[in-house]
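protein-v3.cif, holding mmCIF, C-alpha atoms:
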data_query
loop_
_atom_site.label_atom_id
_atom_site.label_comp_id
_atom_site.auth_asym_id
_atom_site.auth_seq_id
_atom_site.Cartn_x
_atom_site.Cartn_y
_atom_site.Cartn_z
CA GLY A 272 -3.96 -10.95 -8.68
CA ALA A 273 -1.84 -12.22 -5.82
CA VAL A 274 -3.50 -12.62 -2.44
CA VAL A 275 -2.17 -11.56 0.94
CA SER A 276 -4.04 -12.48 4.07
CA GLN A 277 -3.85 -11.06 7.58
CA HIS A 278 -5.03 -12.48 10.84
CA PRO A 279 -6.76 -11.32 12.89
CA SER A 280 -8.77 -8.70 11.01
CA TRP A 281 -9.48 -6.88 14.24
CA VAL A 282 -8.35 -7.25 17.82
CA ILE A 283 -9.07 -5.55 21.10
CA CYS A 284 -6.55 -5.92 23.88
CA LYS A 285 -5.85 -4.43 27.27
CA SER A 286 -3.05 -2.00 27.88
CA GLY A 287 0.20 -3.77 28.72
CA THR A 288 -0.52 -6.96 26.81
CA SER A 289 1.08 -8.12 23.57
CA VAL A 290 -0.65 -8.78 20.28
CA LYS A 291 0.60 -10.81 17.32
CA ILE A 292 -0.56 -10.17 13.76
CA GLU A 293 0.12 -12.70 11.00
CA CYS A 294 0.65 -11.90 7.35
CA ARG A 295 0.67 -14.60 4.69
CA SER A 296 1.14 -14.55 0.94
CA LEU A 297 -1.31 -17.24 -0.15
CA ASP A 298 -0.45 -17.96 -3.77
CA PHE A 299 3.04 -16.59 -4.25
CA GLN A 300 6.40 -16.35 -2.58
CA ALA A 301 7.50 -13.00 -1.28
CA THR A 302 11.07 -11.76 -1.31
CA THR A 303 10.24 -8.97 1.03
CA MET A 304 7.39 -8.13 3.33
CA PHE A 305 6.49 -4.74 4.68
CA TRP A 306 4.49 -3.50 7.65
CA TYR A 307 2.55 -0.27 7.50
CA ARG A 308 0.47 1.71 9.89
CA GLN A 309 -2.40 3.93 8.85
CA PHE A 310 -4.35 6.49 10.83
CA PRO A 311 -7.82 7.60 9.71
CA LYS A 312 -7.82 9.65 6.51
CA GLN A 313 -4.05 9.52 6.29
CA SER A 314 -1.72 7.75 3.93
CA LEU A 315 0.22 4.63 4.80
CA MET A 316 3.28 4.96 6.99
CA LEU A 317 5.97 2.35 6.51
CA MET A 318 7.11 0.87 9.79
CA ALA A 319 9.58 -1.80 8.73
CA THR A 320 10.85 -3.97 5.90
CA SER A 321 11.75 -7.59 6.35
CA ASN A 322 13.38 -10.24 4.23
CA GLU A 323 13.00 -13.93 4.92
CA GLY A 324 15.58 -15.12 7.41
CA SER A 325 16.96 -11.65 8.08
CA LYS A 326 16.40 -9.03 10.73
CA ALA A 327 13.86 -6.40 9.87
CA THR A 328 14.89 -2.89 8.92
CA TYR A 329 12.89 -0.31 10.84
CA GLU A 330 12.02 3.18 9.69
CA GLN A 331 13.24 6.10 11.70
CA GLY A 332 11.15 6.68 14.80
CA VAL A 333 9.75 3.13 14.95
CA GLU A 334 10.72 1.29 18.12
CA LYS A 335 12.09 -2.10 17.14
CA ASP A 336 11.72 -3.46 20.67
CA LYS A 337 8.07 -2.55 20.67
CA PHE A 338 7.18 -3.76 17.21
CA LEU A 339 8.80 -7.15 16.80
CA ILE A 340 8.87 -8.55 13.30
CA ASN A 341 9.63 -12.13 12.38
CA HIS A 342 9.86 -13.27 8.79
CA ALA A 343 9.98 -17.03 9.16
CA SER A 344 9.44 -18.06 5.55
CA LEU A 345 8.81 -16.74 2.06
CA THR A 346 5.08 -16.75 2.80
CA LEU A 347 4.78 -15.69 6.45
CA SER A 348 5.68 -12.63 8.46
CA THR A 349 4.44 -11.67 11.92
CA LEU A 350 4.25 -8.36 13.74
CA THR A 351 4.06 -8.43 17.52
CA VAL A 352 3.07 -5.28 19.32
CA THR A 353 4.57 -5.65 22.78
CA SER A 354 3.24 -3.96 25.89
CA ALA A 355 0.55 -2.26 23.87
CA HIS A 356 -0.77 1.13 24.89
CA PRO A 357 -3.81 3.08 23.68
CA GLU A 358 -1.62 5.20 21.39
CA ASP A 359 -0.74 1.99 19.51
CA SER A 360 -4.35 1.70 18.41
CA SER A 361 -4.30 1.90 14.65
CA PHE A 362 -4.83 0.06 11.37
CA TYR A 363 -1.86 -2.19 10.60
CA ILE A 364 -1.39 -3.41 7.04
CA CYS A 365 1.19 -5.84 5.72
CA SER A 366 2.42 -6.02 2.18
CA ALA A 367 4.39 -8.55 0.19
CA ARG A 368 6.61 -8.11 -2.83
CA VAL A 369 6.39 -10.82 -5.45
CA LEU A 370 9.37 -13.10 -5.99
CA ALA A 371 9.52 -13.68 -9.71
CA SER A 372 12.07 -16.11 -11.11
CA GLY A 373 14.15 -14.92 -14.00
CA ARG A 374 13.13 -11.29 -13.90
CA ALA A 375 12.97 -8.37 -11.59
CA SER A 376 9.50 -7.71 -10.29
CA TYR A 377 8.51 -5.10 -7.80
CA GLU A 378 4.79 -5.66 -7.69
CA GLN A 379 3.65 -5.25 -4.15
CA TYR A 380 0.39 -6.58 -2.77
CA PHE A 381 -1.31 -5.58 0.44
CA GLY A 382 -3.24 -7.51 3.01
CA PRO A 383 -6.72 -6.46 4.17
CA GLY A 384 -5.37 -4.89 7.36
CA THR A 385 -5.77 -5.47 11.08
CA ARG A 386 -7.54 -2.99 13.26
CA LEU A 387 -5.98 -2.88 16.71
CA THR A 388 -7.74 -1.23 19.62
CA VAL A 389 -5.93 -1.01 22.94
CA THR A 390 -8.10 -0.23 25.94
CA GLN B 115 9.05 19.50 -1.90
CA LYS B 116 7.51 16.05 -1.60
CA GLU B 117 8.90 13.33 -3.81
CA VAL B 118 5.41 12.51 -5.06
CA GLU B 119 2.56 14.99 -5.30
CA GLN B 120 -1.05 13.92 -5.64
CA ASP B 121 -4.11 16.11 -5.39
CA PRO B 122 -6.03 14.80 -2.36
CA GLY B 123 -9.36 15.93 -3.74
CA PRO B 124 -12.05 15.13 -2.85
CA LEU B 125 -13.20 14.50 -6.39
CA SER B 126 -16.87 13.91 -7.11
CA VAL B 127 -18.17 12.95 -10.56
CA PRO B 128 -21.41 11.51 -11.96
CA GLU B 129 -21.72 7.87 -12.85
CA GLY B 130 -20.46 7.09 -16.31
CA ALA B 131 -17.95 9.94 -16.41
CA ILE B 132 -14.30 9.52 -17.29
CA VAL B 133 -12.12 10.08 -14.26
CA SER B 134 -8.56 11.33 -14.46
CA LEU B 135 -6.25 10.94 -11.47
CA ASN B 136 -2.73 12.29 -11.55
CA CYS B 137 0.58 12.33 -9.75
CA THR B 138 3.77 14.22 -10.36
CA TYR B 139 7.17 13.27 -9.05
CA SER B 140 10.54 14.90 -8.73
CA ASN B 141 12.99 11.98 -8.65
CA SER B 142 13.88 10.75 -12.12
CA ALA B 143 15.26 7.55 -10.57
CA PHE B 144 11.73 6.21 -10.09
CA GLN B 145 11.28 3.33 -12.50
CA TYR B 146 8.19 1.47 -11.34
CA PHE B 147 4.74 2.97 -11.09
CA MET B 148 1.68 1.58 -9.39
CA TRP B 149 -1.88 2.62 -8.76
CA TYR B 150 -3.79 1.29 -5.78
CA ARG B 151 -7.43 1.55 -4.82
CA GLN B 152 -8.29 1.59 -1.15
CA TYR B 153 -11.77 1.26 0.23
CA SER B 154 -12.47 2.52 3.72
CA ARG B 155 -11.07 0.20 6.41
CA LYS B 156 -9.47 -2.09 3.84
CA GLY B 157 -5.94 -2.64 2.58
CA PRO B 158 -4.91 -1.11 -0.78
CA GLU B 159 -5.64 -3.16 -3.89
CA LEU B 160 -3.13 -3.09 -6.74
CA LEU B 161 -4.85 -1.88 -9.90
CA MET B 162 -2.01 -1.17 -12.28
CA TYR B 163 1.74 -1.82 -12.37
CA THR B 164 3.97 -0.46 -15.07
CA TYR B 165 7.62 0.34 -15.60
CA SER B 166 7.80 2.14 -18.90
CA SER B 167 6.52 5.31 -20.45
CA GLY B 168 3.30 4.96 -22.38
CA ASN B 169 -0.12 3.54 -21.73
CA LYS B 170 -1.26 0.31 -20.14
CA GLU B 171 -4.88 -0.70 -20.27
CA ASP B 172 -6.81 -3.15 -18.12
CA GLY B 173 -10.55 -3.15 -18.58
CA ARG B 174 -11.92 0.26 -17.69
CA PHE B 175 -8.58 1.40 -16.30
CA THR B 176 -5.71 2.97 -18.23
CA ALA B 177 -2.41 3.91 -16.63
CA GLN B 178 -0.27 6.46 -18.38
CA VAL B 179 3.35 7.26 -17.63
CA ASP B 180 5.32 10.18 -19.02
CA LYS B 181 8.83 9.91 -17.64
CA SER B 182 10.05 13.00 -19.47
CA SER B 183 7.48 15.12 -17.65
CA LYS B 184 7.58 13.03 -14.46
CA TYR B 185 3.83 12.69 -14.63
CA ILE B 186 1.61 9.65 -14.23
CA SER B 187 -2.12 9.28 -14.66
CA LEU B 188 -4.88 6.79 -14.08
CA PHE B 189 -8.01 7.02 -16.20
CA ILE B 190 -11.24 5.30 -15.27
CA ARG B 191 -13.80 4.93 -18.06
CA ASP B 192 -17.51 4.44 -17.51
CA SER B 193 -17.09 5.12 -13.81
CA GLN B 194 -19.33 3.22 -11.41
CA PRO B 195 -20.43 3.96 -7.83
CA SER B 196 -18.34 0.96 -6.79
CA ASP B 197 -15.25 2.87 -7.96
CA SER B 198 -15.76 5.29 -5.06
CA ALA B 199 -12.60 4.92 -3.00
CA THR B 200 -9.25 6.52 -2.32
CA TYR B 201 -6.73 6.10 -5.13
CA LEU B 202 -3.04 6.07 -4.34
CA CYS B 203 -0.17 6.36 -6.74
CA ALA B 204 3.02 4.62 -5.62
CA LEU B 205 6.48 4.73 -7.13
CA ASN B 206 9.79 3.08 -6.42
CA GLN B 207 13.28 2.66 -7.74
CA GLY B 208 13.13 -1.10 -7.79
CA ALA B 209 14.22 -2.71 -4.58
CA GLN B 210 13.62 0.49 -2.66
CA LYS B 211 10.50 1.10 -0.63
CA LEU B 212 7.35 2.45 -2.23
CA VAL B 213 6.81 6.18 -2.10
CA PHE B 214 3.11 7.03 -2.01
CA GLY B 215 1.16 10.04 -3.08
CA GLN B 216 -1.27 11.49 -0.56
CA GLY B 217 -4.20 9.68 -2.16
CA THR B 218 -7.22 11.12 -3.98
CA ARG B 219 -10.64 10.50 -2.49
CA LEU B 220 -13.05 9.80 -5.34
CA THR B 221 -16.85 9.65 -5.19
CA ILE B 222 -18.96 8.47 -8.11
CA ASN B 223 -22.51 9.72 -7.79
CA PRO B 224 -25.34 7.53 -9.15
#

Structure translated into structure tokens:
Amino acid sequence: GAVVSQHPSWVICKSGTSVKIECRSLDFQATTMFWYRQFPKQSLMLMATSNEGSKATYEQGVEKDKFLINHASLTLSTLTVTSAHPEDSSFYICSARVLASGRASYEQYFGPGTRLTVT
Amino acid sequence: QKEVEQDPGPLSVPEGAIVSLNCTYSNSAFQYFMWYRQYSRKGPELLMYTYSSGNKEDGRFTAQVDKSSKYISLFIRDSQPSDSATYLCALNQGAQKLVFGQGTRLTINP
């Protein structure tokens, strides 16, 4: 199957600092990348959707100035948590939708996740 | 009513048993159906992807879609302790975002 990587896998930062998380599709090009947040024992919550070269579309209730998303290429998207606070501590997971030439494909692959702890 | 309903379990079965996981949905516009497996503290892993009614088999896994009943299933044969995880069904209408079920926590007991 297709592989999506995330870096870092875990990060601890102090309150008020910013953290950048990278998401890469390693062996395929992605039309669209997604960022999710997951709290313990809960399902995934979509934060935003981004297409290469376009501004991200944020879900209702997600602060776009706090969670900055850049989708620089068909294989790389970044999420920057600005001025992080303890309540931003969570598991952040990116996902990439396969770009398949000649046919519609909506297979979506997830990265391994990044655990963010804000102290 | 949620768009996608999935029994959260937990579900506990002995090793070697056949496991049946199910989701129902209300929106007939859903066209694409996926099953993911998620281990604790890991991202979801795509197990099955299908877009038509009927069965799709991959090793010990069989995905079944019944669009007329708005019902999808994932069967796991010869279940192993390593299959212990949370299983998520996910549906979409194509370019739209995925809609997830709540996830079923499965434990396979040796």

message: Distance cut-off 8 Å, counting all atoms listed in the file - which residues of chain B neighbour chain A? Return them as a count of residues only.
response: 14

Selection under test: the PyMOL selection byres ((chain B and resi 138-143) around 8); residues as a PyMOL selection string: chain B and resi 116-120+136-137+144-145+181+184-186+207

task: Quick one: everything within 9 Å of Ile340 (chain A), counting all atoms listed in the file, minus sequence neighbours fewer than 5 positions away in the same chain. Send it as an NGL selection string.
output: :A and (306 or 319-321 or 326-327 or 335 or 348-352)

field: Nearest candidate to Ala367 (chain A) (options B:Pro122, B:Leu212, B:Phe189, B:Ser183; using only C-alpha atoms)
entry: B:Leu212

message: Please list, as a ChimeraX atom specification, the residues that have an atom at most 9 Å away from (16.4, -14.6, 5.9) in the coordinates of this file, counting all atoms listed in the file.
response: /A:321-326,342-345

Using the selection just defined, write its residues with C-alpha atoms as a PDB file, in the coordinates of the input.
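Once everything was written out, this is out-v6.pdb:
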ATOM      1  CA  SER A 321      11.750  -7.590   6.350  1.00  0.00           C
ATOM      2  CA  ASN A 322      13.380 -10.240   4.230  1.00  0.00           C
ATOM      3  CA  GLU A 323      13.000 -13.930   4.920  1.00  0.00           C
ATOM      4  CA  GLY A 324      15.580 -15.120   7.410  1.00  0.00           C
ATOM      5  CA  SER A 325      16.960 -11.650   8.080  1.00  0.00           C
ATOM      6  CA  LYS A 326      16.400  -9.030  10.730  1.00  0.00           C
ATOM      7  CA  HIS A 342       9.860 -13.270   8.790  1.00  0.00           C
ATOM      8  CA  ALA A 343       9.980 -17.030   9.160  1.00  0.00           C
ATOM      9  CA  SER A 344       9.440 -18.060   5.550  1.00  0.00           C
ATOM     10  CA  LEU A 345       8.810 -16.740   2.060  1.00  0.00           C
TER      11      LEU A 345
END

message: Set the distance at 7 Å and use all atoms listed in the file: which residues neighbour Pro224 (chain B) once local chain neighbours fewer than 6 positions away are removed? I'd like the list as a list in words.
response: Pro128, Glu129 and Pro195 of chain B

task: Measuring atom to atom with all atoms listed in the file, identify which of A:Thr346, A:Thr388, A:Lys291, A:Glu330 is nearest to Glu358 (chain A).
output: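 Among the listed residues, the smallest separation from Glu358 (chain A) belongs to A:Thr388.
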
query: To one decimal place, how far is CA of Leu188 (chain B) from CA of Lys211 (chain B) in Å?
result: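 Computed distance, CA of Leu188 (chain B) to CA of Lys211 (chain B), equals 21.2 Å.
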
task: Would you please work out which residue, of A:Leu347, A:Val333, A:Ala355, A:Leu370, is nearest to Leu387 (chain A) when using only C-alpha atoms?
output: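 Smallest separation from Leu387 (chain A) among the options: A:Ala355.
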
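Comparing the minimum interatomic distances between Gly287 (chain A) and each of A:Val369, A:Arg308, A:Gln300, A:Pro357, counting all atoms listed in the file, we find that A:Pro357 sits nearest.
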
- prompt: Which of these residues is nearest to Thr390 (chain A), using all atoms listed in the file: A:Ser276, A:Ser289, A:Thr302, A:Ser360?
  reply: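 Checking each of A:Ser276, A:Ser289, A:Thr302, A:Ser360 against Thr390 (chain A), counting all atoms listed in the file, the winner is A:Ser360.
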
- prompt: So how far away is CA of Ala204 (chain B) from CA of Phe175 (chain B), in Å?
  reply: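 According to the coordinates, CA of Phe175 (chain B) and CA of Ala204 (chain B) are separated by 16.1 Å.
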
- request: Go ahead and compute the interatomic distance for CA of Ser134 (chain B) and CA of Gln152 (chain B), in Å to one decimal.
  value: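 Computing it gives 16.5 Å between the two atoms.
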